[in-house]
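File shown here: model-v2.cif, holding mmCIF, C-alpha atoms and all ligand atoms.
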```
data_run
loop_
_atom_site.group_PDB
_atom_site.id
_atom_site.type_symbol
_atom_site.label_atom_id
_atom_site.label_comp_id
_atom_site.auth_asym_id
_atom_site.auth_seq_id
_atom_site.Cartn_x
_atom_site.Cartn_y
_atom_site.Cartn_z
ATOM 1 C CA MET R 236 1.376 35.259 15.164
ATOM 2 C CA SER R 237 -1.667 37.411 14.461
ATOM 3 C CA ASP R 238 -3.194 39.715 17.072
ATOM 4 C CA PRO R 239 -6.582 38.267 18.217
ATOM 5 C CA PHE R 240 -7.820 41.829 18.901
ATOM 6 C CA GLU R 241 -7.715 42.489 15.138
ATOM 7 C CA ASN R 242 -10.681 40.132 14.684
ATOM 8 C CA VAL R 243 -12.010 39.009 18.043
ATOM 9 C CA ASP R 244 -14.962 37.067 16.610
ATOM 10 C CA ALA R 245 -12.562 34.810 14.674
ATOM 11 C CA ALA R 246 -10.935 33.665 17.948
ATOM 12 C CA SER R 247 -11.921 30.473 19.760
ATOM 13 C CA PRO R 248 -14.753 30.719 22.349
ATOM 14 C CA GLN R 249 -12.110 30.112 25.034
ATOM 15 C CA MET R 250 -10.002 33.030 23.769
ATOM 16 C CA ILE R 251 -13.051 35.345 23.465
ATOM 17 C CA ASP R 252 -13.894 34.516 27.062
ATOM 18 C CA ILE R 253 -10.304 35.254 28.165
ATOM 19 C CA ILE R 254 -10.370 38.555 26.242
ATOM 20 C CA ALA R 255 -13.737 39.631 27.718
ATOM 21 C CA THR R 256 -12.576 38.824 31.245
ATOM 22 C CA ALA R 257 -9.260 40.607 30.659
ATOM 23 C CA LEU R 258 -10.963 43.784 29.402
ATOM 24 C CA GLU R 259 -13.400 43.889 32.307
ATOM 25 C CA THR R 260 -10.643 43.214 34.853
ATOM 26 C CA ARG R 261 -8.467 45.962 33.407
ATOM 27 C CA ALA R 262 -11.295 48.502 33.244
ATOM 28 C CA GLU R 263 -11.896 48.049 36.985
ATOM 29 C CA ASP R 264 -8.253 47.792 37.973
ATOM 30 C CA ALA R 265 -7.043 50.412 40.479
ATOM 31 C CA ASP R 266 -3.750 50.614 38.581
ATOM 32 C CA MET R 267 -5.583 51.470 35.336
ATOM 33 C CA LEU R 268 -8.118 54.009 36.603
ATOM 34 C CA PRO R 269 -5.682 56.955 36.968
ATOM 35 C CA VAL R 270 -4.887 56.637 33.253
ATOM 36 C CA VAL R 271 -8.572 56.873 32.279
ATOM 37 C CA ASP R 272 -9.462 59.480 34.893
ATOM 38 C CA GLU R 273 -6.646 61.749 33.736
ATOM 39 C CA TYR R 274 -8.155 62.272 30.285
ATOM 40 C CA LEU R 275 -11.766 62.229 31.464
ATOM 41 C CA GLY R 276 -10.829 65.037 33.874
ATOM 42 C CA LEU R 277 -9.430 67.109 31.002
ATOM 43 C CA LEU R 278 -12.471 66.745 28.737
ATOM 44 C CA ASN R 279 -14.800 69.650 28.223
ATOM 45 C CA VAL R 280 -18.136 68.019 27.370
ATOM 46 C CA PRO R 281 -21.030 70.357 26.521
ATOM 47 C CA GLU R 282 -24.495 69.775 28.040
ATOM 48 C CA GLY R 283 -26.209 67.240 25.771
ATOM 49 C CA GLY R 284 -22.891 66.504 24.046
ATOM 50 C CA ARG R 285 -22.122 63.311 22.179
ATOM 51 C CA ILE R 286 -19.190 61.026 23.000
ATOM 52 C CA ILE R 287 -18.202 58.100 20.762
ATOM 53 C CA ASP R 288 -15.985 55.355 22.182
ATOM 54 C CA ILE R 289 -14.513 53.599 19.154
ATOM 55 C CA GLY R 290 -13.450 49.983 19.745
ATOM 56 C CA SER R 291 -15.359 49.769 23.022
ATOM 57 C CA GLY R 292 -14.854 46.030 23.650
ATOM 58 C CA THR R 293 -17.009 44.857 26.561
ATOM 59 C CA GLY R 294 -17.709 48.504 27.459
ATOM 60 C CA GLY R 295 -15.826 48.712 30.759
ATOM 61 C CA ILE R 296 -14.296 52.098 29.866
ATOM 62 C CA THR R 297 -17.480 53.235 28.066
ATOM 63 C CA ARG R 298 -19.533 52.691 31.233
ATOM 64 C CA ARG R 299 -17.042 54.776 33.155
ATOM 65 C CA ILE R 300 -17.348 57.564 30.557
ATOM 66 C CA ALA R 301 -21.169 57.425 30.713
ATOM 67 C CA ASP R 302 -21.135 57.644 34.519
ATOM 68 C CA ARG R 303 -18.690 60.546 34.460
ATOM 69 C CA PHE R 304 -20.799 62.558 31.967
ATOM 70 C CA PRO R 305 -24.475 61.803 32.741
ATOM 71 C CA ALA R 306 -25.678 64.806 30.696
ATOM 72 C CA ALA R 307 -23.939 63.531 27.548
ATOM 73 C CA SER R 308 -24.974 60.686 25.266
ATOM 74 C CA VAL R 309 -22.288 58.017 25.045
ATOM 75 C CA THR R 310 -22.057 55.401 22.278
ATOM 76 C CA GLY R 311 -19.679 52.466 22.205
ATOM 77 C CA LEU R 312 -18.877 51.130 18.728
ATOM 78 C CA GLU R 313 -17.146 47.792 18.437
ATOM 79 C CA PRO R 314 -16.568 45.408 15.483
ATOM 80 C CA SER R 315 -16.882 42.222 17.529
ATOM 81 C CA ALA R 316 -20.470 40.971 17.854
ATOM 82 C CA ALA R 317 -19.460 38.813 20.819
ATOM 83 C CA LEU R 318 -17.927 41.721 22.743
ATOM 84 C CA THR R 319 -20.803 44.062 21.814
ATOM 85 C CA GLN R 320 -23.292 41.501 23.140
ATOM 86 C CA LYS R 321 -21.325 41.363 26.391
ATOM 87 C CA ALA R 322 -21.188 45.184 26.548
ATOM 88 C CA MET R 323 -24.967 45.382 26.164
ATOM 89 C CA GLU R 324 -25.473 42.838 28.951
ATOM 90 C CA LEU R 325 -23.169 44.765 31.282
ATOM 91 C CA ALA R 326 -24.505 48.247 30.430
ATOM 92 C CA GLY R 327 -27.180 48.151 33.159
ATOM 93 C CA GLU R 328 -29.746 50.934 33.495
ATOM 94 C CA ARG R 329 -27.763 53.806 32.025
ATOM 95 C CA PRO R 330 -30.108 55.994 29.932
ATOM 96 C CA ASN R 331 -27.193 57.847 28.296
ATOM 97 C CA LEU R 332 -25.314 54.731 27.087
ATOM 98 C CA THR R 333 -25.742 52.644 23.917
ATOM 99 C CA PHE R 334 -23.616 50.085 22.105
ATOM 100 C CA SER R 335 -23.553 49.095 18.423
ATOM 101 C CA ILE R 336 -21.476 46.928 16.168
ATOM 102 C CA GLY R 337 -19.233 49.090 14.018
ATOM 103 C CA ASP R 338 -15.841 49.285 12.341
ATOM 104 C CA GLY R 339 -13.702 52.251 13.357
ATOM 105 C CA ALA R 340 -12.488 52.550 9.760
ATOM 106 C CA ALA R 341 -16.048 53.006 8.388
ATOM 107 C CA LEU R 342 -18.255 54.561 11.055
ATOM 108 C CA ASP R 343 -21.983 54.690 10.442
ATOM 109 C CA LEU R 344 -22.167 58.260 11.777
ATOM 110 C CA GLU R 345 -22.695 61.614 10.101
ATOM 111 C CA ASP R 346 -19.924 64.127 9.543
ATOM 112 C CA ALA R 347 -19.387 66.557 12.432
ATOM 113 C CA SER R 348 -21.889 64.755 14.681
ATOM 114 C CA ALA R 349 -19.759 64.120 17.807
ATOM 115 C CA ASP R 350 -18.091 66.324 20.405
ATOM 116 C CA ILE R 351 -15.588 63.739 21.619
ATOM 117 C CA ALA R 352 -14.135 60.628 19.960
ATOM 118 C CA ILE R 353 -12.133 58.200 22.076
ATOM 119 C CA LEU R 354 -9.820 55.392 20.945
ATOM 120 C CA HIS R 355 -8.829 53.557 24.115
ATOM 121 C CA THR R 356 -6.182 50.885 23.488
ATOM 122 C CA VAL R 357 -7.452 50.227 19.974
ATOM 123 C CA LEU R 358 -4.831 51.579 17.572
ATOM 124 C CA SER R 359 -2.003 49.331 18.819
ATOM 125 C CA HIS R 360 -4.211 46.429 17.690
ATOM 126 C CA VAL R 361 -4.839 47.521 14.083
ATOM 127 C CA THR R 362 -2.550 47.210 11.065
ATOM 128 C CA ASN R 363 -3.450 50.643 9.669
ATOM 129 C CA PRO R 364 -4.345 53.292 12.264
ATOM 130 C CA GLU R 365 -4.734 56.077 9.656
ATOM 131 C CA PRO R 366 -8.296 55.182 8.482
ATOM 132 C CA LEU R 367 -9.546 54.994 12.094
ATOM 133 C CA ILE R 368 -8.058 58.393 12.917
ATOM 134 C CA ALA R 369 -9.487 59.857 9.681
ATOM 135 C CA GLU R 370 -12.958 58.544 10.557
ATOM 136 C CA ALA R 371 -12.729 59.944 14.083
ATOM 137 C CA VAL R 372 -11.772 63.336 12.629
ATOM 138 C CA ARG R 373 -14.647 63.158 10.121
ATOM 139 C CA ILE R 374 -17.311 62.572 12.792
ATOM 140 C CA LEU R 375 -15.973 65.291 15.137
ATOM 141 C CA ARG R 376 -17.570 68.705 15.129
ATOM 142 C CA PRO R 377 -15.232 71.664 14.554
ATOM 143 C CA GLY R 378 -13.604 72.265 17.940
ATOM 144 C CA GLY R 379 -14.262 68.646 18.951
ATOM 145 C CA THR R 380 -11.661 66.547 20.758
ATOM 146 C CA LEU R 381 -10.001 63.268 19.834
ATOM 147 C CA VAL R 382 -8.563 61.223 22.700
ATOM 148 C CA ILE R 383 -6.114 58.433 21.951
ATOM 149 C CA CYS R 384 -4.957 56.432 24.933
ATOM 150 C CA ASP R 385 -2.730 53.456 24.218
ATOM 151 C CA ALA R 386 -0.061 51.330 25.796
ATOM 152 C CA ASP R 387 3.581 51.610 24.855
ATOM 153 C CA PHE R 388 3.921 47.849 24.523
ATOM 154 C CA SER R 389 7.551 48.208 23.404
ATOM 155 C CA LYS R 390 8.337 48.796 27.113
ATOM 156 C CA ALA R 391 6.046 46.083 28.567
ATOM 157 C CA MET R 392 7.691 43.806 31.104
ATOM 158 C CA MET R 393 6.845 41.432 33.918
ATOM 159 C CA GLY R 394 9.260 39.823 36.324
ATOM 160 C CA VAL R 395 12.016 40.571 38.781
ATOM 161 C CA VAL R 396 15.155 38.877 37.424
ATOM 162 C CA PRO R 397 16.661 38.280 33.962
ATOM 163 C CA GLY R 398 15.106 35.134 32.479
ATOM 164 C CA ASP R 399 12.118 35.313 34.844
ATOM 165 C CA PRO R 400 9.506 32.837 33.502
ATOM 166 C CA LEU R 401 6.778 35.489 33.857
ATOM 167 C CA GLY R 402 8.904 37.769 31.680
ATOM 168 C CA SER R 403 8.446 35.293 28.852
ATOM 169 C CA CYS R 404 4.665 35.740 29.256
ATOM 170 C CA SER R 405 4.811 39.507 28.728
ATOM 171 C CA GLU R 406 7.123 38.969 25.746
ATOM 172 C CA ALA R 407 4.788 36.335 24.284
ATOM 173 C CA PHE R 408 1.771 38.578 24.903
ATOM 174 C CA VAL R 409 3.292 41.479 22.996
ATOM 175 C CA ALA R 410 4.527 39.195 20.200
ATOM 176 C CA GLY R 411 1.184 37.428 19.793
ATOM 177 C CA SER R 412 -1.492 39.914 20.909
ATOM 178 C CA VAL R 413 -0.266 43.361 19.861
ATOM 179 C CA THR R 414 -0.078 44.536 16.243
ATOM 180 C CA ASP R 415 2.160 47.597 16.718
ATOM 181 C CA PRO R 416 4.097 47.673 20.022
ATOM 182 C CA TRP R 417 5.773 50.915 18.891
ATOM 183 C CA LEU R 418 2.554 52.855 18.174
ATOM 184 C CA ALA R 419 2.927 55.282 21.109
ATOM 185 C CA GLY R 420 5.874 57.097 19.579
ATOM 186 C CA LYS R 421 4.036 57.490 16.268
ATOM 187 C CA LEU R 422 0.871 59.124 17.635
ATOM 188 C CA LYS R 423 1.875 62.787 17.361
ATOM 189 C CA PRO R 424 2.776 62.598 13.659
ATOM 190 C CA LEU R 425 -0.302 60.459 12.941
ATOM 191 C CA VAL R 426 -2.759 63.016 14.327
ATOM 192 C CA GLY R 427 -0.741 65.890 12.835
ATOM 193 C CA GLU R 428 -1.079 64.333 9.391
ATOM 194 C CA ALA R 429 -4.832 64.002 10.032
ATOM 195 C CA GLY R 430 -4.989 67.786 10.488
ATOM 196 C CA LEU R 431 -5.484 67.973 14.265
ATOM 197 C CA SER R 432 -3.640 70.109 16.804
ATOM 198 C CA VAL R 433 -2.261 68.250 19.804
ATOM 199 C CA SER R 434 -3.409 69.858 23.069
ATOM 200 C CA HIS R 435 -2.155 67.253 25.542
ATOM 201 C CA PHE R 436 0.398 64.447 25.572
ATOM 202 C CA SER R 437 1.291 62.521 28.705
ATOM 203 C CA VAL R 438 2.650 59.170 29.829
ATOM 204 C CA LEU R 439 1.500 57.375 32.976
ATOM 205 C CA ASN R 440 3.007 54.066 34.049
ATOM 206 C CA ARG R 441 0.701 51.233 35.030
ATOM 207 C CA VAL R 442 2.629 49.167 37.563
ATOM 208 C CA VAL R 443 0.808 46.090 38.855
ATOM 209 C CA THR R 444 2.245 44.652 42.078
ATOM 210 C CA SER R 445 -0.793 42.774 43.382
ATOM 211 C CA GLY R 446 -4.185 41.592 42.161
ATOM 212 C CA MET R 447 -5.190 40.013 38.858
ATOM 213 C CA GLY R 448 -4.831 43.157 36.702
ATOM 214 C CA ALA R 449 -2.001 41.778 34.573
ATOM 215 C CA LEU R 450 -3.042 38.122 34.581
ATOM 216 C CA ALA R 451 -4.290 38.558 30.999
ATOM 217 C CA TRP R 452 -0.693 38.588 29.741
ATOM 218 C CA VAL R 453 -0.132 35.138 31.258
ATOM 219 C CA ARG R 454 -3.543 33.745 30.289
ATOM 220 C CA MET R 455 -3.573 34.990 26.705
ATOM 221 C CA SER R 456 0.010 34.035 25.949
ATOM 222 C CA GLY R 457 -0.409 30.661 27.708
ATOM 223 C CA ALA R 458 -3.590 29.810 25.766
ATOM 224 C CA ARG R 459 -1.940 30.900 22.534
ATOM 225 C CA LEU R 460 1.251 28.903 23.107
ATOM 226 C CA VAL R 461 -0.770 25.795 24.048
ATOM 227 C CA ALA R 462 -2.971 26.170 20.938
ATOM 228 C CA ASP R 463 0.156 26.525 18.792
ATOM 229 C CA GLY R 464 1.671 23.391 20.344
ATOM 230 C CA VAL R 465 4.650 25.310 21.736
ATOM 231 C CA ILE R 466 4.001 24.436 25.390
ATOM 232 C CA GLY R 467 1.683 21.975 27.131
ATOM 233 C CA GLN R 468 -1.272 22.861 29.356
ATOM 234 C CA PRO R 469 0.632 21.945 32.574
ATOM 235 C CA LEU R 470 3.202 24.696 31.903
ATOM 236 C CA ALA R 471 0.455 27.226 31.068
ATOM 237 C CA ASP R 472 -1.290 26.297 34.339
ATOM 238 C CA ALA R 473 1.987 26.573 36.248
ATOM 239 C CA LEU R 474 2.696 30.052 34.855
ATOM 240 C CA GLU R 475 -0.789 31.195 35.859
ATOM 241 C CA ALA R 476 -0.317 29.674 39.327
ATOM 242 C CA GLU R 477 3.002 31.503 39.649
ATOM 243 C CA TYR R 478 1.320 34.798 38.752
ATOM 244 C CA VAL R 479 -1.390 34.188 41.374
ATOM 245 C CA ARG R 480 1.216 33.201 43.984
ATOM 246 C CA ARG R 481 3.167 36.428 43.445
ATOM 247 C CA ALA R 482 0.011 38.555 43.328
ATOM 248 C CA GLU R 483 -1.232 37.098 46.615
ATOM 249 C CA ALA R 484 2.189 37.507 48.204
ATOM 250 C CA GLY R 485 2.412 41.107 46.950
ATOM 251 C CA ILE R 486 5.663 40.372 45.101
ATOM 252 C CA LEU R 487 4.366 40.718 41.561
ATOM 253 C CA TYR R 488 5.914 43.319 39.279
ATOM 254 C CA SER R 489 4.581 44.235 35.869
ATOM 255 C CA PHE R 490 5.191 47.498 34.063
ATOM 256 C CA LEU R 491 3.461 49.154 31.118
ATOM 257 C CA PRO R 492 3.470 52.848 30.158
ATOM 258 C CA PHE R 493 0.233 54.367 28.794
ATOM 259 C CA VAL R 494 0.367 57.345 26.476
ATOM 260 C CA THR R 495 -2.568 59.758 26.280
ATOM 261 C CA LEU R 496 -2.846 62.195 23.403
ATOM 262 C CA MET R 497 -5.648 64.731 23.099
ATOM 263 C CA ALA R 498 -6.098 66.743 19.918
ATOM 264 C CA THR R 499 -8.563 69.340 18.667
ATOM 265 C CA LYS R 500 -10.296 69.624 15.317
ATOM 266 C CA SER R 501 -9.948 73.095 13.896
ATOM 267 C CA SER R 502 -13.071 75.242 14.239
ATOM 268 C CA VAL R 503 -12.449 77.100 10.958
HETATM 269 C C1 LIG P 601 -7.590 45.946 23.777
HETATM 270 S S1 LIG P 601 -9.240 46.038 23.226
HETATM 271 C C2 LIG P 601 -9.805 47.548 24.005
HETATM 272 C C3 LIG P 601 -11.295 47.573 24.247
HETATM 273 C C4 LIG P 601 -11.781 48.787 25.032
HETATM 274 N N1 LIG P 601 -11.473 50.019 24.356
HETATM 275 C C5 LIG P 601 -11.186 48.772 26.424
HETATM 276 O O1 LIG P 601 -10.184 49.450 26.651
HETATM 277 O O2 LIG P 601 -11.718 48.051 27.283
HETATM 278 C C6 LIG P 601 -9.098 46.504 21.533
HETATM 279 C C7 LIG P 601 -10.451 46.649 20.876
HETATM 280 O O3 LIG P 601 -10.288 47.209 19.570
HETATM 281 C C8 LIG P 601 -11.258 46.614 18.758
HETATM 282 N N2 LIG P 601 -10.931 46.823 17.342
HETATM 283 C C9 LIG P 601 -10.097 46.097 16.554
HETATM 284 N N3 LIG P 601 -10.137 46.560 15.290
HETATM 285 C C10 LIG P 601 -10.994 47.614 15.282
HETATM 286 C C11 LIG P 601 -11.487 48.485 14.281
HETATM 287 N N4 LIG P 601 -11.093 48.391 12.996
HETATM 288 N N5 LIG P 601 -12.390 49.425 14.627
HETATM 289 C C12 LIG P 601 -12.801 49.540 15.911
HETATM 290 N N6 LIG P 601 -12.384 48.728 16.899
HETATM 291 C C13 LIG P 601 -11.494 47.784 16.592
HETATM 292 C C14 LIG P 601 -11.245 45.169 19.179
HETATM 293 O O4 LIG P 601 -12.370 44.450 18.713
HETATM 294 C C15 LIG P 601 -11.177 45.318 20.702
HETATM 295 O O5 LIG P 601 -12.441 45.401 21.286
#
```
Using the file provided, produce a representation of the structure as structure tokens.
Amino acid sequence: MSDPFENVDAASPQMIDIIATALETRAEDADMLPVVDEYLGLLNVPEGGRIIDIGSGTGGITRRIADRFPAASVTGLEPSAALTQKAMELAGERPNLTFSIGDGAALDLEDASADIAILHTVLSHVTNPEPLIAEAVRILRPGGTLVICDADFSKAMMGVVPGDPLGSCSEAFVAGSVTDPWLAGKLKPLVGEAGLSVSHFSVLNRVVTSGMGALAWVRMSGARLVADGVIGQPLADALEAEYVRRAEAGILYSFLPFVTLMATKSSV
């Protein structure tokens, strides 16, 4: 099964809608914010600095970056026209925030023109991360910082007993909506080969025990399995209802580690 995040615009309108809702829900989710706030708190952004969020989706994280650094200019670049359109609609009145369509492997930006480049949960969804990292390095000024934050999907799980039906949803999500579940362990060598020095590497677990923060795993895998004729709509609906029941009862359990790597471009 191919990862719909590799080419969002090729997905069905229903799937694009599910993806947009999932990204916005996650960006606001209390269980996700500590992961984002950790690296934003470590960034040293100069007055008037330039931050590029590569693979910005609907812009939920990009808006947070723009609000955190009002004296910087923040640009979200995203290959999907549908998600970029959504990001523009949601941007509101933020004078320091812009969005454009763009491929992370061929950025329409000058060499050494950015202070910070961010890849937030993008690289686990591409077949070849190397060209995206090389482009991020190219656009960074000497001394600039690359932030890569991504999920370790190889450890993703949902459920409370062996054979839990919701566990099959997290398995199906990773199998059908993630290109490289093992990316997290490869990040250090990838940025080392790109010539950067790692300044920070941490892992924070996102554990969802209530709310709709992890519903995307059930929705995306359900829609995919229905479209592929593997299950019928009643089972997809029942799995979603089971997620909601557990979330409302506070008995949900889903687990996903997030790795954050920060690396510096040499100033010589
Ligand atoms: C899981 S989403 C994350 C979106 C956003 N960073 C966030 O966290 O809300 C993955 C994003 O990577 C984008 N993407 C896929 N291939 C890309 C590429 N070659 N260059 C830049 N972005 C890409 C997808 O279109 C999608 O918006």
Fill in: Nearest-residue call for ligand LIG 601 (chain P), choices R:Gly427, R:Pro400, R:Pro314, R:Pro366, using all atoms listed in the file
R:Pro314
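Straight-line separation from atom CA of Tyr274 of chain R to atom CA of Leu491 of chain R: 17.5 Å.
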Discussion item. Just want the residues within 8 Å of ligand LIG 601 (chain P), written as a PyMOL selection string, counting all atoms listed in the file.
Written reply: chain R and resi 240-243+258-259+261-262+288-297+312-315+318+337-340+354-358+360-361+367
Result set, the PyMOL selection byres (((chain R and resi 418-423) around 7) and not hetatm) on current file, as a CSV table (one decimal) with C-alpha atoms, in the frame of the given file:
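Writing the result to selection-v1.csv gives the following:
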```csv
chain,number,residue,atom,x,y,z
R,359,SER,CA,-2.0,49.3,18.8
R,385,ASP,CA,-2.7,53.5,24.2
R,386,ALA,CA,-0.1,51.3,25.8
R,387,ASP,CA,3.6,51.6,24.9
R,415,ASP,CA,2.2,47.6,16.7
R,416,PRO,CA,4.1,47.7,20.0
R,417,TRP,CA,5.8,50.9,18.9
R,424,PRO,CA,2.8,62.6,13.7
R,425,LEU,CA,-0.3,60.5,12.9
R,426,VAL,CA,-2.8,63.0,14.3
R,427,GLY,CA,-0.7,65.9,12.8
R,494,VAL,CA,0.4,57.3,26.5
```
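Atom CA of Asp266 of chain R to atom CA of Asn440 of chain R spans 8.8 Å [interatomic distance, one decimal].
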Item to complete: Tell me which protein, DNA and RNA residues are within 12 Å of Ala462 of chain R, counting all atoms listed in the file, leaving out same-chain ones fewer than 4 positions away, and put them as a PyMOL selection string.
Response: chain R and resi 236+246-247+249-250+455-458+466-468+471
Taking all atoms of segment 341-346 of chain R that the file lists and extending 5 Å past them on each side, where is the centre of the axis-aligned box and how long are its edges? Answer in Å to one decimal, as lines of an AutoDock Vina configuration file.
```
center_x = -19.4
center_y = 58.6
center_z = 10.1
size_x = 16.6
size_y = 21.1
size_z = 13.4
```
Please evaluate the PyMOL selection byres (((chain R and resi 454) around 9) and not hetatm) against the structure above and give the resulting residues as a PDB file with C-alpha atoms, in the frame of the given file.
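Generated output (result_11.pdb):
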```
ATOM      1  CA  ILE R 253     -10.304  35.254  28.165  1.00  0.00           C
ATOM      2  CA  ALA R 257      -9.260  40.607  30.659  1.00  0.00           C
ATOM      3  CA  CYS R 404       4.665  35.740  29.256  1.00  0.00           C
ATOM      4  CA  PHE R 408       1.771  38.578  24.903  1.00  0.00           C
ATOM      5  CA  LEU R 450      -3.042  38.122  34.581  1.00  0.00           C
ATOM      6  CA  ALA R 451      -4.290  38.558  30.999  1.00  0.00           C
ATOM      7  CA  TRP R 452      -0.693  38.588  29.741  1.00  0.00           C
ATOM      8  CA  VAL R 453      -0.132  35.138  31.258  1.00  0.00           C
ATOM      9  CA  MET R 455      -3.573  34.990  26.705  1.00  0.00           C
ATOM     10  CA  SER R 456       0.010  34.035  25.949  1.00  0.00           C
ATOM     11  CA  GLY R 457      -0.409  30.661  27.708  1.00  0.00           C
ATOM     12  CA  ALA R 458      -3.590  29.810  25.766  1.00  0.00           C
ATOM     13  CA  ARG R 459      -1.940  30.900  22.534  1.00  0.00           C
ATOM     14  CA  ALA R 471       0.455  27.226  31.068  1.00  0.00           C
ATOM     15  CA  ASP R 472      -1.290  26.297  34.339  1.00  0.00           C
ATOM     16  CA  LEU R 474       2.696  30.052  34.855  1.00  0.00           C
ATOM     17  CA  GLU R 475      -0.789  31.195  35.859  1.00  0.00           C
TER      18      GLU R 475
END
```
Discussion item. Under the rule that only C-alpha atoms are counted, which of R:Pro305, R:Pro469, R:Gly430, R:Gly276 is the nearest residue to Val372 of chain R?
Written reply: R:Gly430
